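Participant: So here's run37.txt, just compact mmCIF, C-alpha atoms:
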```txt
# COMPACT_ATOMS: atom_id res chain seq x y z
CA MET A 1 142.97 94.04 100.92
CA ALA A 2 143.26 90.65 102.60
CA ASP A 3 146.92 91.40 103.47
CA VAL A 4 145.89 94.73 105.02
CA ALA A 5 143.15 93.03 107.00
CA ARG A 6 145.56 90.42 108.40
CA LEU A 7 148.17 93.02 109.37
CA ALA A 8 145.59 95.30 111.01
CA GLY A 9 143.77 92.42 112.69
CA VAL A 10 140.41 93.30 111.16
CA SER A 11 138.07 91.93 108.50
CA SER A 12 138.33 92.71 104.81
CA GLN A 13 134.94 94.41 105.09
CA THR A 14 136.38 96.84 107.66
CA VAL A 15 139.29 97.62 105.34
CA SER A 16 136.76 98.32 102.57
CA ARG A 17 134.78 100.67 104.81
CA VAL A 18 137.90 102.60 105.77
CA SER A 19 139.20 102.87 102.19
CA ASN A 20 135.80 104.11 100.98
CA GLY A 21 135.39 106.60 103.82
CA TYR A 22 132.27 104.98 105.25
CA SER A 23 131.16 105.46 108.85
CA GLY A 24 130.71 102.73 111.44
CA VAL A 25 134.43 102.26 112.16
CA THR A 26 136.02 103.48 115.39
CA GLU A 27 138.85 105.99 115.13
CA GLU A 28 141.28 103.50 116.72
CA THR A 29 140.42 100.83 114.15
CA ARG A 30 140.57 103.31 111.30
CA GLN A 31 144.08 104.35 112.31
CA GLN A 32 145.15 100.67 112.53
CA VAL A 33 143.90 100.06 109.01
CA LEU A 34 145.52 103.23 107.63
CA ALA A 35 148.84 102.28 109.24
CA ALA A 36 148.65 98.81 107.66
CA MET A 37 147.83 100.35 104.26
CA LYS A 38 150.83 102.62 104.53
CA GLU A 39 153.17 99.82 105.61
CA LEU A 40 152.08 97.55 102.75
CA GLY A 41 151.81 100.33 100.17
CA TYR A 42 148.14 99.51 99.56
CA ARG A 43 146.10 101.81 97.33
CA PRO A 44 142.43 101.21 96.47
CA ASN A 45 141.86 100.34 92.81
CA SER A 46 139.83 103.22 91.40
CA ALA A 47 138.91 101.29 88.24
CA ALA A 48 137.51 98.42 90.30
CA ARG A 49 135.60 100.90 92.45
CA ALA A 50 134.11 102.50 89.35
CA LEU A 51 132.91 99.16 88.01
CA LYS A 52 131.35 98.26 91.34
CA ARG A 53 129.66 101.62 91.96
CA GLY A 54 128.83 102.47 88.36
CA GLU A 55 130.55 105.86 88.62
CA PHE A 56 134.06 107.17 88.08
CA ARG A 57 134.03 110.16 90.47
CA THR A 58 135.39 112.25 87.60
CA ILE A 59 133.95 115.29 85.83
CA GLY A 60 135.10 116.08 82.31
CA VAL A 61 135.73 119.71 81.36
CA ILE A 62 135.80 120.85 77.73
CA THR A 63 137.19 124.32 77.08
CA PHE A 64 137.98 126.12 73.86
CA SER A 65 140.62 128.50 75.19
CA LEU A 66 143.04 128.65 78.09
CA ALA A 67 144.29 132.07 77.00
CA THR A 68 141.61 134.18 78.67
CA THR A 69 141.49 135.08 82.35
CA GLY A 70 137.82 134.17 82.63
CA ASN A 71 138.24 130.65 81.30
CA VAL A 72 141.30 129.89 83.41
CA ARG A 73 139.76 131.18 86.62
CA THR A 74 136.49 129.36 85.93
CA LEU A 75 138.42 126.14 85.33
CA GLU A 76 140.34 126.64 88.58
CA ALA A 77 137.08 127.15 90.47
CA ILE A 78 135.53 124.03 88.91
CA ALA A 79 138.54 121.92 89.89
CA THR A 80 138.46 123.25 93.46
CA SER A 81 134.72 122.69 93.86
CA ALA A 82 134.93 119.21 92.33
CA ALA A 83 137.75 118.22 94.69
CA HIS A 84 135.66 119.44 97.63
CA GLU A 85 132.91 117.04 96.50
CA GLY A 86 135.38 114.16 96.13
CA TYR A 87 135.59 114.32 92.32
CA ALA A 88 138.58 114.60 90.03
CA VAL A 89 138.58 116.70 86.86
CA THR A 90 139.69 115.57 83.40
CA LEU A 91 140.47 118.53 81.12
CA LEU A 92 140.09 118.38 77.37
CA PRO A 93 141.09 121.59 75.52
CA VAL A 94 139.62 121.93 72.02
CA ALA A 95 141.56 124.10 69.60
CA VAL A 96 138.80 124.82 67.07
CA PRO A 97 135.18 125.20 68.26
CA THR A 98 133.27 123.30 65.58
CA GLN A 99 130.52 120.67 65.64
CA ASP A 100 132.98 117.90 64.73
CA GLU A 101 135.42 119.01 67.44
CA VAL A 102 132.62 119.03 70.02
CA ARG A 103 131.57 115.51 69.06
CA GLY A 104 135.19 114.35 69.12
CA ALA A 105 135.74 115.89 72.54
CA PHE A 106 132.75 114.06 74.01
CA SER A 107 133.91 110.83 72.41
CA ARG A 108 137.37 111.19 73.91
CA LEU A 109 135.93 112.03 77.32
CA GLY A 110 133.82 108.87 77.09
CA GLU A 111 136.97 106.85 76.55
CA LEU A 112 138.55 108.57 79.56
CA ALA A 113 135.61 107.52 81.75
CA VAL A 114 133.84 110.55 83.20
CA ASP A 115 130.47 110.78 84.92
CA ALA A 116 129.38 114.15 83.48
CA VAL A 117 130.70 117.12 81.54
CA ILE A 118 131.07 120.86 82.11
CA VAL A 119 131.64 122.88 78.94
CA ILE A 120 133.29 126.30 79.17
CA MET A 121 131.81 127.65 75.95
CA GLU A 122 132.75 131.30 75.54
CA VAL A 123 132.12 131.47 71.81
CA HIS A 124 128.80 131.62 69.97
CA LEU A 125 128.60 127.91 69.23
CA LEU A 126 125.81 126.37 71.29
CA ASP A 127 123.59 129.29 70.32
CA THR A 128 123.15 127.87 66.80
CA ALA A 129 120.85 125.07 65.73
CA THR A 130 123.69 123.38 63.84
CA VAL A 131 125.55 122.47 67.02
CA SER A 132 124.27 120.17 69.73
CA LEU A 133 125.78 118.13 72.51
CA PRO A 134 125.33 114.34 72.58
CA PRO A 135 122.05 113.13 74.13
CA ASN A 136 121.92 111.26 77.45
CA VAL A 137 125.00 113.07 78.76
CA GLN A 138 124.65 115.21 81.87
CA VAL A 139 125.99 118.63 80.90
CA VAL A 140 126.37 122.08 82.44
CA VAL A 141 127.63 124.92 80.26
CA ALA A 142 129.53 127.95 81.57
CA ASP A 143 129.34 131.28 79.73
CA SER A 144 126.94 130.64 76.85
CA ASP A 145 123.53 131.59 75.50
CA ALA A 146 121.97 128.13 75.37
CA GLY A 147 119.79 128.18 78.48
CA ASP A 148 116.73 127.02 76.55
CA ARG A 149 118.55 123.79 75.67
CA TYR A 150 121.07 123.20 78.45
CA SER A 151 121.80 124.12 82.03
CA VAL A 152 123.91 127.30 81.85
CA VAL A 153 125.82 129.14 84.58
CA ASP A 154 127.07 132.60 83.74
CA THR A 155 128.17 135.90 85.25
CA ASP A 156 125.54 138.65 85.08
CA GLN A 157 127.26 140.33 82.12
CA GLY A 158 124.48 142.85 81.57
CA GLY A 159 124.17 143.85 85.21
CA GLY A 160 127.91 144.41 85.58
CA THR A 161 128.04 146.50 82.42
CA ARG A 162 125.08 148.65 83.45
CA ALA A 163 126.74 149.37 86.81
CA ALA A 164 129.98 150.40 85.07
CA VAL A 165 128.32 152.70 82.53
CA ARG A 166 126.00 154.30 85.08
CA HIS A 167 128.95 154.96 87.38
CA LEU A 168 130.62 156.98 84.62
CA LEU A 169 127.43 158.82 83.70
CA ASP A 170 126.78 159.65 87.36
CA LEU A 171 130.25 161.20 87.51
CA GLY A 172 129.12 163.62 84.81
CA HIS A 173 130.47 162.10 81.59
CA ARG A 174 128.23 162.90 78.61
CA THR A 175 128.80 159.49 77.07
CA VAL A 176 131.00 156.39 77.43
CA TRP A 177 133.19 154.85 74.74
CA HIS A 178 133.43 151.06 74.64
CA LEU A 179 136.46 148.89 73.97
CA ALA A 180 134.69 145.62 73.15
CA GLY A 181 135.91 142.03 73.12
CA PRO A 182 136.01 139.79 70.02
CA GLN A 183 132.83 139.53 67.97
CA GLU A 184 132.52 135.75 68.36
CA SER A 185 132.50 135.96 72.16
CA PHE A 186 129.17 135.57 73.91
CA ALA A 187 130.35 137.54 76.95
CA ALA A 188 131.68 140.37 74.77
CA GLN A 189 128.37 140.59 72.92
CA ARG A 190 126.38 140.69 76.17
CA ARG A 191 128.56 143.53 77.46
CA THR A 192 128.33 145.46 74.21
CA ASP A 193 124.54 145.14 74.09
CA ALA A 194 124.17 146.29 77.70
CA TRP A 195 126.55 149.24 77.10
CA ARG A 196 124.52 150.43 74.12
CA VAL A 197 121.13 150.02 75.82
CA THR A 198 122.28 151.75 79.02
CA LEU A 199 123.53 154.78 77.11
CA THR A 200 120.40 154.93 74.94
CA ASP A 201 118.08 154.71 77.95
CA ALA A 202 120.01 157.59 79.55
CA GLY A 203 119.59 159.71 76.43
CA CYS A 204 123.31 159.56 75.61
CA PRO A 205 124.45 158.82 72.04
CA PRO A 206 126.65 155.68 71.89
CA PRO A 207 130.01 156.53 70.27
CA PRO A 208 131.49 154.29 67.54
CA LEU A 209 132.44 150.85 68.85
CA VAL A 210 136.14 150.02 69.19
CA ARG A 211 136.98 146.30 69.20
CA GLY A 212 139.87 144.32 70.68
CA ASP A 213 140.69 140.64 71.19
CA TRP A 214 140.93 140.52 75.04
CA SER A 215 144.71 141.09 74.97
CA ALA A 216 146.59 144.05 76.48
CA GLU A 217 148.19 144.67 73.08
CA SER A 218 144.78 145.12 71.43
CA GLY A 219 143.86 147.50 74.25
CA TYR A 220 147.03 149.46 73.60
CA GLN A 221 146.31 149.77 69.87
CA ALA A 222 142.73 150.82 70.57
CA GLY A 223 143.98 153.32 73.14
CA LEU A 224 146.20 155.02 70.57
CA ARG A 225 143.09 155.66 68.47
CA LEU A 226 140.93 156.73 71.39
CA ALA A 227 143.59 159.15 72.62
CA ASP A 228 143.03 161.18 69.44
CA GLU A 229 139.28 161.48 70.15
CA ALA A 230 138.98 164.88 71.81
CA ASP A 231 135.52 164.17 73.19
CA CYS A 232 136.51 160.80 74.70
CA THR A 233 136.44 161.35 78.47
CA ALA A 234 135.37 157.85 79.59
CA VAL A 235 136.04 154.32 78.34
CA PHE A 236 134.48 151.03 79.43
CA ALA A 237 136.87 148.20 78.49
CA ALA A 238 135.35 144.72 78.23
CA ASN A 239 138.15 143.18 80.29
CA ASP A 240 141.01 144.26 82.54
CA GLN A 241 143.84 143.23 80.19
CA MET A 242 142.57 145.50 77.45
CA ALA A 243 142.14 148.25 80.05
CA LEU A 244 145.80 147.81 80.98
CA GLY A 245 146.92 148.36 77.38
CA LEU A 246 144.54 151.30 77.12
CA LEU A 247 146.09 152.95 80.20
CA ARG A 248 149.56 152.67 78.66
CA ALA A 249 148.45 154.19 75.35
CA LEU A 250 146.70 157.12 77.05
CA HIS A 251 149.78 157.76 79.16
CA GLU A 252 152.06 157.77 76.12
CA ARG A 253 149.76 160.22 74.35
CA GLY A 254 149.66 162.58 77.33
CA ARG A 255 146.04 161.85 78.31
CA ARG A 256 145.91 161.63 82.11
CA VAL A 257 143.79 159.00 83.88
CA PRO A 258 141.42 159.85 85.48
CA GLU A 259 141.85 163.65 85.10
CA ASP A 260 141.36 163.61 81.30
CA VAL A 261 139.93 160.14 80.68
CA SER A 262 138.23 157.72 83.07
CA VAL A 263 138.74 153.99 82.49
CA ILE A 264 136.73 151.00 83.77
CA GLY A 265 137.53 147.33 83.17
CA PHE A 266 135.71 144.03 83.68
CA ASP A 267 136.88 140.92 85.63
CA ASP A 268 138.71 142.41 88.63
CA ILE A 269 141.84 140.35 88.09
CA PRO A 270 144.13 140.11 91.15
CA GLU A 271 146.49 142.71 89.65
CA ALA A 272 143.76 145.31 88.97
CA GLY A 273 144.44 147.16 92.22
CA SER A 274 148.12 147.48 91.27
CA PHE A 275 147.57 149.18 87.91
CA LEU A 276 148.64 152.84 87.66
CA PRO A 277 146.22 154.22 88.59
CA PRO A 278 144.41 151.36 90.39
CA LEU A 279 141.67 150.15 88.06
CA THR A 280 137.96 150.62 88.66
CA THR A 281 136.41 147.40 87.39
CA VAL A 282 133.50 144.96 87.55
CA HIS A 283 134.19 142.04 89.86
CA GLN A 284 133.26 138.57 88.59
CA ASP A 285 132.83 135.82 91.17
CA PHE A 286 134.57 133.02 89.28
CA ALA A 287 134.62 130.82 92.38
CA GLU A 288 130.83 130.96 92.58
CA VAL A 289 130.47 130.22 88.86
CA GLY A 290 132.65 127.13 89.27
CA ARG A 291 130.82 126.01 92.39
CA ARG A 292 127.42 126.32 90.73
CA CYS A 293 128.63 124.44 87.64
CA VAL A 294 129.76 121.51 89.79
CA GLU A 295 126.66 121.69 91.97
CA GLY A 296 124.42 121.67 88.90
CA VAL A 297 126.07 118.75 87.13
CA LEU A 298 126.12 116.63 90.32
CA ARG A 299 122.44 117.35 90.89
CA GLN A 300 121.67 116.23 87.34
CA MET A 301 123.65 113.03 87.90
CA ARG A 302 121.89 112.20 91.15
CA GLU A 303 118.41 113.03 89.91
CA ASP A 304 119.04 111.77 86.36
CA VAL A 305 117.28 114.76 84.83
CA ALA A 306 118.39 117.67 82.66
CA GLU A 307 117.74 121.20 83.90
CA PRO A 308 117.58 123.72 81.02
CA GLY A 309 117.80 127.34 82.08
CA THR A 310 120.33 130.00 82.96
CA THR A 311 121.68 130.82 86.41
CA LEU A 312 123.25 134.28 86.69
CA VAL A 313 125.95 134.95 89.28
CA PRO A 314 125.83 138.60 90.46
CA THR A 315 128.67 141.04 89.85
CA ARG A 316 129.72 144.15 91.78
CA LEU A 317 131.46 147.36 90.81
CA VAL A 318 134.83 147.96 92.52
CA VAL A 319 135.62 151.68 92.44
CA ARG A 320 139.31 152.58 92.51
CA GLY A 321 141.43 155.44 91.20
CA SER A 322 140.92 155.24 87.43
CA THR A 323 137.54 157.03 87.33
CA ALA A 324 136.61 160.62 88.16
CA SER A 325 134.47 163.50 86.90
CA PRO A 326 135.25 164.73 83.35
CA PRO A 327 137.53 167.72 82.71
CA SER A 328 134.55 170.06 82.17
CA HIS A 329 133.41 169.37 85.75
CA HIS A 330 136.89 170.18 87.05
CA LEU A 331 136.86 173.50 85.22
CA ARG A 332 133.40 174.44 86.51
CA ARG A 333 134.47 173.71 90.09
CA GLN A 334 137.51 175.92 89.62
```
Please go through the file and, once you have read it, give me the structure as structure tokens.
Facilitator:
Amino acid sequence: MADVARLAGVSSQTVSRVSNGYSGVTEETRQQVLAAMKELGYRPNSAARALKRGEFRTIGVITFSLATTGNVRTLEAIATSAAHEGYAVTLLPVAVPTQDEVRGAFSRLGELAVDAVIVIMEVHLLDTATVSLPPNVQVVVADSDAGDRYSVVDTDQGGGTRAAVRHLLDLGHRTVWHLAGPQESFAAQRRTDAWRVTLTDAGCPPPPLVRGDWSAESGYQAGLRLADEADCTAVFAANDQMALGLLRALHERGRRVPEDVSVIGFDDIPEAGSFLPPLTTVHQDFAEVGRRCVEGVLRQMREDVAEPGTTLVPTRLVVRGSTASPPSHHLRRQ
């Protein structure tokens, strides 16, 4: 820093102000200092900064799967929002979601020096009394059912599902079949519960549940079974990948979409509009989920207080070409 100050013809304090982004330095002086830094190859020591300020400007992220679209897009949004706030992100994937793994993840993040933690917890883990996060750690959880104990940010799973099911019922379908996600998933359970309640409230009998594992292959296998159900005219798939596999299976079995069977997904992945036919789906605002996670954990850090409760990010139904009135309606119109 002293070398930079001599080359730029300023004080070491001015160099410090420029390197830390503080105000009170003219643009001309700032450019002189930056030029000197570049010439000398000077880079501020982040470890020394952390010791001086008492913060590392880093947010740890624990996630239990990078295989699902929701988790990856939430992680991307968290990283983008953190960078906008001047924070880096340290990622720690955990292969097996158990109490010991959670403790170990927090321990490792402590060694990596982070200021707070965001947990992308898609499985039913924090919902049980046997699992708890370490005390005195500022935490925000994405996609969980632990709002009475932690600060949780989640998509409005129930609202999105209700909109999807009602859309199909409004088109004239007598009921809606459901291709659900894995049983251990919190989001899948929320969508299944909302599907069942929406049908029941409308006086429509819920058909037998069909379950997949989020993958297109599981959607394909489920679709082969559903194609043999003569009274299946509408299917709500719990995510877009399973809907993709379902579309293929229906096509192979000669069931036209949407003329014979309507299909709705959930997520609105970038490719959803390019499916054949283009997929009607529930749009999740992953960017907003990530932004609110970062906003929440930074607020906890600055105010040094936990904020239990759940924040729901709204969804919206995107209607495309994969949904239409059931075959009986077509016949009546003819």
Participant: If we draw a sphere of 12 Å around (129.9, 133.3, 76.6), which residues have at least one atom in it when counting all atoms listed in the file? Please report them as a ChimeraX atom specification.
Facilitator: /A:63-65,68,70-71,119-127,141-147,152-157,181-191,310
Participant: Keeping only C-alpha atoms, write the selected residues to a file as an mmCIF file, keeping the file's coordinate frame.
Facilitator:
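Dumped to out00.cif:
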```cif
data_model
loop_
_atom_site.group_PDB
_atom_site.id
_atom_site.type_symbol
_atom_site.label_atom_id
_atom_site.label_comp_id
_atom_site.auth_asym_id
_atom_site.auth_seq_id
_atom_site.Cartn_x
_atom_site.Cartn_y
_atom_site.Cartn_z
ATOM 1 C CA THR A 63 137.190 124.320 77.080
ATOM 2 C CA PHE A 64 137.980 126.120 73.860
ATOM 3 C CA SER A 65 140.620 128.500 75.190
ATOM 4 C CA THR A 68 141.610 134.180 78.670
ATOM 5 C CA GLY A 70 137.820 134.170 82.630
ATOM 6 C CA ASN A 71 138.240 130.650 81.300
ATOM 7 C CA VAL A 119 131.640 122.880 78.940
ATOM 8 C CA ILE A 120 133.290 126.300 79.170
ATOM 9 C CA MET A 121 131.810 127.650 75.950
ATOM 10 C CA GLU A 122 132.750 131.300 75.540
ATOM 11 C CA VAL A 123 132.120 131.470 71.810
ATOM 12 C CA HIS A 124 128.800 131.620 69.970
ATOM 13 C CA LEU A 125 128.600 127.910 69.230
ATOM 14 C CA LEU A 126 125.810 126.370 71.290
ATOM 15 C CA ASP A 127 123.590 129.290 70.320
ATOM 16 C CA VAL A 141 127.630 124.920 80.260
ATOM 17 C CA ALA A 142 129.530 127.950 81.570
ATOM 18 C CA ASP A 143 129.340 131.280 79.730
ATOM 19 C CA SER A 144 126.940 130.640 76.850
ATOM 20 C CA ASP A 145 123.530 131.590 75.500
ATOM 21 C CA ALA A 146 121.970 128.130 75.370
ATOM 22 C CA GLY A 147 119.790 128.180 78.480
ATOM 23 C CA VAL A 152 123.910 127.300 81.850
ATOM 24 C CA VAL A 153 125.820 129.140 84.580
ATOM 25 C CA ASP A 154 127.070 132.600 83.740
ATOM 26 C CA THR A 155 128.170 135.900 85.250
ATOM 27 C CA ASP A 156 125.540 138.650 85.080
ATOM 28 C CA GLN A 157 127.260 140.330 82.120
ATOM 29 C CA GLY A 181 135.910 142.030 73.120
ATOM 30 C CA PRO A 182 136.010 139.790 70.020
ATOM 31 C CA GLN A 183 132.830 139.530 67.970
ATOM 32 C CA GLU A 184 132.520 135.750 68.360
ATOM 33 C CA SER A 185 132.500 135.960 72.160
ATOM 34 C CA PHE A 186 129.170 135.570 73.910
ATOM 35 C CA ALA A 187 130.350 137.540 76.950
ATOM 36 C CA ALA A 188 131.680 140.370 74.770
ATOM 37 C CA GLN A 189 128.370 140.590 72.920
ATOM 38 C CA ARG A 190 126.380 140.690 76.170
ATOM 39 C CA ARG A 191 128.560 143.530 77.460
ATOM 40 C CA THR A 310 120.330 130.000 82.960
#
```
Participant: Any idea what's packed within 12 Å of A:Glu288, counting all atoms listed in the file, ignoring anything in its chain fewer than 5 positions away? Could you give it as a PyMOL selection string?
Facilitator: chain A and resi 73-78+80-81+142+153-156+283+293-296+311-315
Participant: So that I can see what lies close to A:Tyr220, please list as a PyMOL selection string the residues with an atom at most 12 Å from it, counting all atoms listed in the file and leaving out residues fewer than 4 positions away in the same chain.
Facilitator: chain A and resi 179+210-216+224-227+237+240-253
Participant: Using all atoms listed in the file, which residue out of A:Asp170, A:Ala163, A:Asp231, A:Val94 lies closest to A:Ala194?
Facilitator: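 Distance minimum relative to A:Ala194 lands on A:Ala163.
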Participant: Quick one: of A:Ala67, A:Ala222, A:Val117, A:Ala105, who's nearest to A:Ala88, counting only C-alpha atoms?
Facilitator: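 Distance minimum relative to A:Ala88 lands on A:Val117.
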